[in-house]
>>> print(open('data14.txt').read())   # compact mmCIF, C-alpha atoms and all ligand atoms
# COMPACT_ATOMS: atom_id res chain seq x y z
CA MET A 8 3.19 30.02 -3.25
CA ILE A 9 3.91 26.66 -1.66
CA ASN A 10 2.89 23.70 -3.82
CA PHE A 11 1.66 21.28 -1.15
CA LYS A 12 1.62 18.45 -3.71
CA ALA A 13 5.43 18.43 -3.45
CA LEU A 14 5.10 17.22 0.15
CA PHE A 15 3.68 13.92 -1.15
CA GLU A 16 7.08 13.26 -2.75
CA ILE A 17 8.64 12.79 0.70
CA THR A 18 8.88 9.04 1.40
CA TYR A 19 7.85 7.28 4.63
CA GLY A 20 7.05 3.84 6.02
CA LEU A 21 3.98 2.89 8.03
CA TYR A 22 4.06 1.61 11.58
CA ILE A 23 2.04 0.88 14.70
CA VAL A 24 3.55 2.70 17.66
CA CYS A 25 2.51 1.33 21.06
CA SER A 26 3.15 2.07 24.71
CA GLY A 27 1.82 0.96 28.08
CA ASP A 28 2.03 -2.29 30.03
CA LYS A 29 0.32 -5.68 30.35
CA ARG A 30 -2.64 -4.16 32.14
CA ARG A 31 -3.35 -1.33 29.69
CA GLY A 32 -1.67 -0.19 26.55
CA ASN A 33 -2.49 1.62 23.34
CA GLY A 34 -1.17 2.21 19.87
CA PHE A 35 -1.58 4.39 16.80
CA ILE A 36 -0.61 4.31 13.12
CA SER A 37 2.39 6.48 12.36
CA ASN A 38 4.26 7.34 9.19
CA THR A 39 6.76 9.47 11.10
CA VAL A 40 9.19 6.94 12.56
CA PHE A 41 12.81 7.35 11.54
CA GLN A 42 16.29 6.56 12.78
CA VAL A 43 18.18 9.63 14.00
CA THR A 44 21.53 8.18 15.21
CA SER A 45 23.50 4.98 14.72
CA GLU A 46 25.71 4.73 17.87
CA PRO A 47 23.68 4.30 19.94
CA ALA A 48 20.76 3.59 17.62
CA LYS A 49 17.98 6.08 18.32
CA PHE A 50 14.60 6.52 16.69
CA ALA A 51 12.23 9.47 16.57
CA VAL A 52 8.47 9.23 16.48
CA CYS A 53 6.16 12.20 16.04
CA CYS A 54 2.98 11.88 18.11
CA SER A 55 -0.02 14.22 18.23
CA LYS A 56 -0.68 15.66 21.67
CA ASN A 57 -4.31 14.61 21.10
CA ASN A 58 -3.43 10.94 20.61
CA PHE A 59 -4.35 8.75 23.56
CA THR A 60 -1.05 6.92 22.99
CA CYS A 61 0.79 10.17 23.77
CA GLU A 62 -0.29 9.87 27.41
CA PHE A 63 1.17 6.35 27.56
CA ILE A 64 4.51 7.31 26.00
CA GLU A 65 4.82 10.24 28.43
CA LYS A 66 3.92 8.07 31.43
CA TYR A 67 5.93 4.95 30.61
CA ALA A 68 8.84 6.57 28.68
CA HIS A 69 9.06 3.66 26.28
CA PHE A 70 7.47 2.67 22.99
CA SER A 71 7.41 -0.13 20.44
CA VAL A 72 7.31 0.19 16.66
CA SER A 73 5.74 -2.57 14.54
CA VAL A 74 6.75 -2.38 10.87
CA LEU A 75 3.65 -3.03 8.77
CA VAL A 76 3.67 -5.39 5.78
CA LYS A 77 2.81 -4.25 2.26
CA ASN A 78 -0.61 -5.92 2.29
CA THR A 79 -1.71 -4.86 5.74
CA GLU A 80 -5.44 -5.43 6.29
CA PRO A 81 -7.51 -2.22 6.03
CA GLU A 82 -8.98 -3.13 9.44
CA ILE A 83 -5.59 -2.34 11.02
CA PHE A 84 -5.74 1.23 9.68
CA GLY A 85 -9.34 1.64 10.83
CA ARG A 86 -8.56 0.43 14.33
CA PHE A 87 -5.19 2.09 14.92
CA GLY A 88 -5.31 5.09 12.59
CA PHE A 89 -8.86 6.43 12.70
CA LYS A 90 -10.18 5.46 16.12
CA SER A 91 -8.95 6.44 19.54
CA GLY A 92 -8.08 4.19 22.45
CA LYS A 93 -10.02 6.72 24.54
CA ASP A 94 -13.17 4.95 23.24
CA PHE A 95 -12.21 1.25 23.34
CA ASN A 96 -9.30 -1.07 24.05
CA LYS A 97 -7.52 -1.26 20.69
CA LEU A 98 -5.26 -4.11 21.77
CA GLU A 99 -8.10 -6.44 22.74
CA GLY A 100 -8.28 -9.38 20.30
CA MET A 101 -4.97 -8.46 18.68
CA ASN A 102 -1.85 -10.62 18.61
CA VAL A 103 0.28 -8.75 21.16
CA LYS A 104 3.56 -9.62 22.83
CA PHE A 105 5.17 -7.66 25.64
CA GLY A 106 8.70 -6.38 25.24
CA MET A 107 11.64 -6.09 27.62
CA THR A 108 10.17 -2.91 29.08
CA GLY A 109 6.70 -4.48 29.27
CA THR A 110 5.50 -2.34 26.37
CA PRO A 111 2.89 -4.00 24.12
CA ILE A 112 4.04 -4.87 20.61
CA VAL A 113 1.45 -5.57 17.91
CA LEU A 114 2.40 -8.60 15.79
CA ASN A 115 -0.55 -8.55 13.36
CA ASP A 116 0.56 -7.72 9.80
CA SER A 117 4.04 -6.84 11.08
CA LEU A 118 7.35 -8.02 9.66
CA ALA A 119 9.66 -6.57 12.32
CA TYR A 120 9.53 -4.60 15.53
CA LEU A 121 11.64 -2.22 17.57
CA GLU A 122 11.52 -1.36 21.24
CA CYS A 123 12.89 1.93 22.58
CA ASN A 124 13.32 3.81 25.84
CA VAL A 125 12.50 7.51 25.53
CA VAL A 126 15.63 9.61 26.09
CA GLN A 127 14.49 13.01 24.80
CA LYS A 128 11.31 14.76 23.76
CA PHE A 129 10.77 17.93 21.77
CA ASP A 130 7.68 20.08 21.73
CA VAL A 131 6.98 20.76 18.04
CA GLY A 132 3.61 22.43 18.55
CA THR A 133 0.67 20.14 17.80
CA HIS A 134 2.92 17.09 18.30
CA TRP A 135 5.65 15.72 20.56
CA LEU A 136 8.74 14.39 18.88
CA PHE A 137 9.88 11.51 21.10
CA VAL A 138 13.41 10.20 20.67
CA GLY A 139 13.98 6.68 21.93
CA GLU A 140 17.12 4.60 22.32
CA LEU A 141 16.82 1.15 20.77
CA ILE A 142 16.87 -1.69 23.30
CA ASP A 143 15.51 -4.51 21.15
CA ALA A 144 14.75 -5.24 17.49
CA GLN A 145 13.49 -8.45 15.93
CA ILE A 146 12.48 -9.74 12.49
CA LEU A 147 9.11 -11.53 12.38
CA ASP A 148 8.81 -12.33 8.67
CA GLU A 149 11.70 -12.26 6.22
CA THR A 150 9.55 -13.08 3.20
CA ASN A 151 7.43 -9.94 3.25
CA GLU A 152 8.03 -6.34 2.17
CA PRO A 153 7.38 -3.25 4.32
CA LEU A 154 4.50 -0.94 3.45
CA THR A 155 5.38 2.55 2.22
CA TYR A 156 3.21 5.61 2.64
CA SER A 157 3.12 6.21 -1.12
CA TYR A 158 1.90 2.62 -1.77
CA TYR A 159 -0.75 3.10 0.91
CA ARG A 160 -1.86 6.39 -0.66
CA GLN A 161 -1.72 5.43 -4.34
CA ILE A 162 -2.56 1.72 -4.46
CA LYS A 163 -4.62 1.30 -1.33
CA LYS A 164 -6.20 4.76 -1.78
CA GLY A 165 -5.49 5.37 1.87
CA ILE A 166 -5.87 8.72 3.56
CA ALA A 167 -4.55 10.15 6.81
CA PRO A 168 -6.57 11.94 9.50
CA LYS A 169 -5.84 15.40 10.91
CA ASN A 170 -3.64 14.09 13.72
CA ALA A 171 -1.08 12.82 11.20
CA PRO A 172 1.79 15.35 10.98
CA THR A 173 1.78 15.00 7.20
CA TYR A 174 -1.97 15.64 6.86
CA ILE A 175 -2.73 18.20 4.12
CA ASP A 176 -6.09 19.89 3.98
CA LYS A 177 -7.66 19.24 0.54
CA SER A 178 -8.45 22.96 0.10
CA ARG A 179 -4.70 23.72 0.24
CA LEU A 180 -4.05 21.29 -2.62
CA ASP A 181 -7.01 22.63 -4.62
CA ARG A 182 -5.94 26.25 -4.07
CA LYS A 183 -2.51 25.56 -5.54
CA MET A 184 -4.00 23.63 -8.44
CA GLU A 185 -6.35 26.53 -9.22
CA SER A 186 -3.53 29.10 -9.09
CA SER A 187 -1.30 27.10 -11.44
CA LYS A 188 -3.97 26.83 -14.16
C1 LIG A 201 -1.56 6.74 7.32
C2 LIG A 201 -1.62 7.39 8.69
C3 LIG A 201 -0.48 7.98 9.22
C4 LIG A 201 -0.52 8.59 10.49
N1 LIG A 201 0.62 9.13 11.02
C5 LIG A 201 0.58 9.69 12.25
C6 LIG A 201 1.78 10.19 12.86
O1 LIG A 201 2.88 10.06 12.33
N2 LIG A 201 1.65 10.81 14.06
C7 LIG A 201 0.45 10.95 14.70
O2 LIG A 201 0.42 11.52 15.81
N3 LIG A 201 -0.68 10.45 14.17
C8 LIG A 201 -0.65 9.82 12.98
N4 LIG A 201 -1.78 9.30 12.43
C9 LIG A 201 -3.04 9.47 13.16
C10 LIG A 201 -3.22 8.51 14.33
O3 LIG A 201 -2.92 7.18 13.96
C11 LIG A 201 -4.71 8.59 14.79
O4 LIG A 201 -5.01 9.90 15.20
C12 LIG A 201 -5.06 7.58 15.87
O5 LIG A 201 -6.47 7.41 15.87
C13 LIG A 201 -4.63 7.99 17.28
O6 LIG A 201 -4.99 6.94 18.16
P1 LIG A 201 -4.99 7.09 19.75
O7 LIG A 201 -5.81 8.29 20.12
O8 LIG A 201 -5.62 5.80 20.22
O9 LIG A 201 -3.57 7.21 20.19
C14 LIG A 201 -1.74 8.62 11.22
C15 LIG A 201 -2.88 7.97 10.70
C16 LIG A 201 -2.82 7.35 9.44
C17 LIG A 201 -4.04 6.64 8.92
>>> encode(input="data14.txt", output="structure tokens", more="lines below")
Ligand SMILES: Cc1cc2nc3c(=O)[nH]c(=O)nc-3n(C[C@H](O)[C@H](O)[C@H](O)COP(=O)(O)O)c2cc1C
Amino acid sequence: MINFKALFEITYGLYIVCSGDKRRGNGFISNTVFQVTSEPAKFAVCCSKNNFTCEFIEKYAHFSVSVLVKNTEPEIFGRFGFKSGKDFNKLEGMNVKFGMTGTPIVLNDSLAYLECNVVQKFDVGTHWLFVGELIDAQILDETNEPLTYSYYRQIKKGIAPKNAPTYIDKSRLDRKMESSK
């Protein structure tokens, strides 16, 4: 039987992934951003087909990635990780700059950002895996440390909603714990 607790030993960072333009954009919290090649530098991001941001990435074929700082305000997770841009404009009132492609980039609680053009996409079922070629990357704050998913889970007691690819239903964890008694 699979021990789903082992999946929590996989390490990730935490990011805001955005797409759109100056008129309308949107973003979501992601722990599934990772570099896939070096020359040229390409990054993958795994995005639920239900995420409003998915529509923007498909339409605009570009995205930004803001690297969140260790002590990111809980409000950022509430706004970008548990609410949908289908219901309100998430970028309103945020500190946003627009990248070379025109994509919005969230600067709040971010220590660096990347900007990518989508070059490939893979249908992985519930999610799209978008692969983007890096066209810009900048450091915003050299004094801070990036937030890891394990710090968010253990210290901040943070959870992830169903749209997160790494979401694990509590009953699956409990079932394994019962069977190993
Ligand atoms: C810690 C955390 C990690 C997440 N990781 C992902 C992810 O990698 N991919 C994804 O599609 N959703 C992920 N989510 C869920 C989205 O951020 C969430 O569904 C968001 O509300 C979607 O916003 P949107 O509909 O405005 O695009 C994560 C949420 C949290 C809190």
>>> atom_distance(input="data14.txt", atom1="atom CA of A:Phe129", atom2="atom CA of A:Leu98")
27.3 Å
>>> residues_near_ligand(input="data14.txt", ligand="ligand LIG 201 (chain A)", cutoff="6 Å", atoms="only C-alpha atoms and all ligand atoms", output="list in words")
Gly34, Phe35, Ile36, Ser37, Asn38, Thr39, Cys53, Cys54, Ser55, Asn58, Phe59, Thr60, Phe84, Phe87, Gly88, Phe89, Lys90, Ser91, Gly92, Ala167, Pro168, Asn170, Ala171 and Pro172 of chain A
>>> residues_around(input="data14.txt", residues="A:Ser157", least_positions_apart="6", cutoff="10 Å", atoms="only C-alpha atoms", output="number ranges by chain")
A: 15-21, 163-165
>>> residues_around(input="data14.txt", residues="A:Pro111", least_positions_apart="6", cutoff="9 Å", atoms="only C-alpha atoms", output="PyMOL selection string")
chain A and resi 25-29+31-34+70-71+98+103-105
>>> closest_residue(input="data14.txt", among="A:Val24, A:Gly85, A:Ile9, A:Tyr120", to="A:Ala51", atoms="only C-alpha atoms")
A:Val24
>>> closest_residue(input="data14.txt", among="A:Leu141, A:His134, A:Leu114, A:Thr155", to="A:Thr44", atoms="all atoms listed in the file")
A:Leu141
>>> residues_around(input="data14.txt", residues="A:Ala48", least_positions_apart="3", cutoff="10 Å", atoms="all atoms listed in the file", output="MDAnalysis selection string")
chainID A and resid 42:45 123 139:142
>>> write_last_selection(input="data14.txt", atoms="C-alpha atoms", output="short mmCIF file (atom, residue, chain, number, x, y, z; two decimals), keeping the file's coordinate frame")
data_model
loop_
_atom_site.label_atom_id
_atom_site.label_comp_id
_atom_site.auth_asym_id
_atom_site.auth_seq_id
_atom_site.Cartn_x
_atom_site.Cartn_y
_atom_site.Cartn_z
CA GLN A 42 16.29 6.56 12.78
CA VAL A 43 18.18 9.63 14.00
CA THR A 44 21.53 8.18 15.21
CA SER A 45 23.50 4.98 14.72
CA CYS A 123 12.89 1.93 22.58
CA GLY A 139 13.98 6.68 21.93
CA GLU A 140 17.12 4.60 22.32
CA LEU A 141 16.82 1.15 20.77
CA ILE A 142 16.87 -1.69 23.30
#
>>> atom_distance(input="data14.txt", atom1="atom CA of A:Val131", atom2="atom CA of A:Tyr174")
15.2 Å
>>> closest_residue(input="data14.txt", among="A:Ala144, A:Ile83, A:Val138, A:Val76", to="A:Lys97", atoms="all atoms listed in the file")
A:Ile83
>>> atom_distance(input="data14.txt", atom1="atom CA of A:Met101", atom2="atom CA of A:Glu62")
20.8 Å
>>> residues_around(input="data14.txt", residues="stretch 148-154 of chain A", least_positions_apart="2", cutoff="8 Å", atoms="all atoms listed in the file", output="ChimeraX atom specification")
/A:20-21,74-79,117-119,146,156,158-159
>>> decode(input="data14.txt", residues="stretch 29-160 of chain A", atoms="C-alpha atoms", output="mmCIF file, in the first residue's frame")
data_model
loop_
_atom_site.group_PDB
_atom_site.id
_atom_site.type_symbol
_atom_site.label_atom_id
_atom_site.label_comp_id
_atom_site.auth_asym_id
_atom_site.auth_seq_id
_atom_site.Cartn_x
_atom_site.Cartn_y
_atom_site.Cartn_z
ATOM 1 C CA LYS A 29 -2.060 45.549 -18.237
ATOM 2 C CA ARG A 30 -5.805 45.511 -18.705
ATOM 3 C CA ARG A 31 -6.522 42.182 -16.989
ATOM 4 C CA GLY A 32 -4.322 39.589 -15.419
ATOM 5 C CA ASN A 33 -4.475 36.911 -12.771
ATOM 6 C CA GLY A 34 -2.253 34.773 -10.612
ATOM 7 C CA PHE A 35 -2.244 31.725 -8.360
ATOM 8 C CA ILE A 36 -0.009 30.173 -5.701
ATOM 9 C CA SER A 37 2.042 27.284 -7.023
ATOM 10 C CA ASN A 38 4.508 24.901 -5.453
ATOM 11 C CA THR A 39 5.149 23.178 -8.779
ATOM 12 C CA VAL A 40 7.586 25.491 -10.556
ATOM 13 C CA PHE A 41 10.900 23.945 -11.528
ATOM 14 C CA GLN A 42 13.691 24.382 -14.033
ATOM 15 C CA VAL A 43 13.720 21.680 -16.729
ATOM 16 C CA THR A 44 16.643 22.722 -18.984
ATOM 17 C CA SER A 45 19.675 24.988 -18.737
ATOM 18 C CA GLU A 46 20.464 25.943 -22.389
ATOM 19 C CA PRO A 47 18.113 27.557 -23.054
ATOM 20 C CA ALA A 48 16.764 27.936 -19.529
ATOM 21 C CA LYS A 49 13.222 26.573 -19.405
ATOM 22 C CA PHE A 50 10.796 26.275 -16.520
ATOM 23 C CA ALA A 51 7.749 24.097 -16.012
ATOM 24 C CA VAL A 52 4.660 25.084 -14.078
ATOM 25 C CA CYS A 53 1.777 22.750 -13.329
ATOM 26 C CA CYS A 54 -1.589 24.517 -13.478
ATOM 27 C CA SER A 55 -5.044 23.101 -12.719
ATOM 28 C CA LYS A 56 -7.427 23.270 -15.660
ATOM 29 C CA ASN A 57 -9.923 24.784 -13.186
ATOM 30 C CA ASN A 58 -7.651 27.699 -12.296
ATOM 31 C CA PHE A 59 -8.742 30.992 -13.809
ATOM 32 C CA THR A 60 -5.046 31.708 -14.455
ATOM 33 C CA CYS A 61 -4.960 28.692 -16.788
ATOM 34 C CA GLU A 62 -7.145 30.584 -19.271
ATOM 35 C CA PHE A 63 -4.673 33.494 -19.232
ATOM 36 C CA ILE A 64 -1.585 31.312 -19.749
ATOM 37 C CA GLU A 65 -3.308 29.544 -22.665
ATOM 38 C CA LYS A 66 -4.420 32.835 -24.235
ATOM 39 C CA TYR A 67 -1.250 34.892 -23.740
ATOM 40 C CA ALA A 68 1.355 32.067 -23.895
ATOM 41 C CA HIS A 69 3.513 33.714 -21.262
ATOM 42 C CA PHE A 70 3.754 33.685 -17.482
ATOM 43 C CA SER A 71 5.691 35.235 -14.618
ATOM 44 C CA VAL A 72 6.906 33.520 -11.461
ATOM 45 C CA SER A 73 7.373 35.528 -8.247
ATOM 46 C CA VAL A 74 9.548 33.741 -5.684
ATOM 47 C CA LEU A 75 7.930 34.183 -2.272
ATOM 48 C CA VAL A 76 9.943 35.157 0.825
ATOM 49 C CA LYS A 77 10.114 32.973 3.922
ATOM 50 C CA ASN A 78 7.802 35.219 5.937
ATOM 51 C CA THR A 79 5.176 35.820 3.300
ATOM 52 C CA GLU A 80 2.006 37.353 4.753
ATOM 53 C CA PRO A 81 -0.835 34.818 5.173
ATOM 54 C CA GLU A 82 -3.035 37.258 3.220
ATOM 55 C CA ILE A 83 -1.036 36.420 0.074
ATOM 56 C CA PHE A 84 -1.960 32.738 0.407
ATOM 57 C CA GLY A 85 -5.603 33.586 1.058
ATOM 58 C CA ARG A 86 -5.824 35.841 -1.975
ATOM 59 C CA PHE A 87 -3.779 33.849 -4.492
ATOM 60 C CA GLY A 88 -4.098 30.288 -3.197
ATOM 61 C CA PHE A 89 -7.645 29.896 -1.922
ATOM 62 C CA LYS A 90 -9.709 32.356 -3.947
ATOM 63 C CA SER A 91 -10.299 32.527 -7.656
ATOM 64 C CA GLY A 92 -9.834 35.469 -9.974
ATOM 65 C CA LYS A 93 -13.194 34.419 -11.426
ATOM 66 C CA ASP A 94 -14.745 36.193 -8.395
ATOM 67 C CA PHE A 95 -12.614 39.343 -8.035
ATOM 68 C CA ASN A 96 -9.560 41.070 -9.447
ATOM 69 C CA LYS A 97 -6.708 39.574 -7.419
ATOM 70 C CA LEU A 98 -4.150 42.063 -8.716
ATOM 71 C CA GLU A 99 -6.081 45.134 -7.609
ATOM 72 C CA GLY A 100 -4.245 46.877 -4.745
ATOM 73 C CA MET A 101 -1.150 44.720 -5.180
ATOM 74 C CA ASN A 102 2.312 45.956 -6.086
ATOM 75 C CA VAL A 103 2.491 44.796 -9.705
ATOM 76 C CA LYS A 104 4.967 45.507 -12.476
ATOM 77 C CA PHE A 105 4.575 44.475 -16.096
ATOM 78 C CA GLY A 106 7.264 42.412 -17.752
ATOM 79 C CA MET A 107 8.765 42.427 -21.239
ATOM 80 C CA THR A 108 5.805 40.450 -22.550
ATOM 81 C CA GLY A 109 3.349 42.675 -20.662
ATOM 82 C CA THR A 110 2.639 39.908 -18.169
ATOM 83 C CA PRO A 111 1.864 41.096 -14.615
ATOM 84 C CA ILE A 112 4.485 40.285 -11.991
ATOM 85 C CA VAL A 113 3.545 40.440 -8.304
ATOM 86 C CA LEU A 114 6.260 42.143 -6.229
ATOM 87 C CA ASN A 115 4.648 41.807 -2.778
ATOM 88 C CA ASP A 116 6.628 39.455 -0.509
ATOM 89 C CA SER A 117 8.787 38.407 -3.468
ATOM 90 C CA LEU A 118 12.576 38.210 -3.566
ATOM 91 C CA ALA A 119 13.013 37.432 -7.271
ATOM 92 C CA TYR A 120 10.974 36.916 -10.392
ATOM 93 C CA LEU A 121 11.128 35.101 -13.706
ATOM 94 C CA GLU A 122 9.334 35.761 -16.956
ATOM 95 C CA CYS A 123 8.796 33.024 -19.548
ATOM 96 C CA ASN A 124 7.250 32.489 -22.963
ATOM 97 C CA VAL A 125 5.314 29.224 -23.218
ATOM 98 C CA VAL A 126 7.010 26.881 -25.703
ATOM 99 C CA GLN A 127 5.277 23.581 -24.901
ATOM 100 C CA LYS A 128 2.328 22.296 -22.930
ATOM 101 C CA PHE A 129 1.453 18.807 -21.772
ATOM 102 C CA ASP A 130 -1.945 17.521 -20.790
ATOM 103 C CA VAL A 131 -1.398 15.647 -17.509
ATOM 104 C CA GLY A 132 -5.075 15.067 -16.736
ATOM 105 C CA THR A 133 -6.459 17.476 -14.137
ATOM 106 C CA HIS A 134 -3.612 19.918 -14.887
ATOM 107 C CA TRP A 135 -1.642 21.427 -17.764
ATOM 108 C CA LEU A 136 2.109 21.309 -17.494
ATOM 109 C CA PHE A 137 3.292 24.501 -19.206
ATOM 110 C CA VAL A 138 6.942 24.750 -20.212
ATOM 111 C CA GLY A 139 8.238 28.276 -20.681
ATOM 112 C CA GLU A 140 11.525 29.614 -22.007
ATOM 113 C CA LEU A 141 13.108 32.180 -19.708
ATOM 114 C CA ILE A 142 13.239 35.693 -21.176
ATOM 115 C CA ASP A 143 13.912 37.692 -18.014
ATOM 116 C CA ALA A 144 14.908 37.111 -14.385
ATOM 117 C CA GLN A 145 15.597 39.674 -11.676
ATOM 118 C CA ILE A 146 16.500 39.735 -7.981
ATOM 119 C CA LEU A 147 14.335 42.027 -5.840
ATOM 120 C CA ASP A 148 15.760 41.391 -2.374
ATOM 121 C CA GLU A 149 19.117 39.767 -1.702
ATOM 122 C CA THR A 150 18.728 39.808 2.077
ATOM 123 C CA ASN A 151 15.751 37.458 2.278
ATOM 124 C CA GLU A 152 15.354 33.683 2.017
ATOM 125 C CA PRO A 153 12.865 31.877 -0.239
ATOM 126 C CA LEU A 154 9.899 30.087 1.297
ATOM 127 C CA THR A 155 9.834 26.293 1.067
ATOM 128 C CA TYR A 156 6.711 24.176 0.999
ATOM 129 C CA SER A 157 7.826 22.212 4.063
ATOM 130 C CA TYR A 158 8.347 25.454 6.083
ATOM 131 C CA TYR A 159 4.904 26.620 4.965
ATOM 132 C CA ARG A 160 3.356 23.296 6.013
#
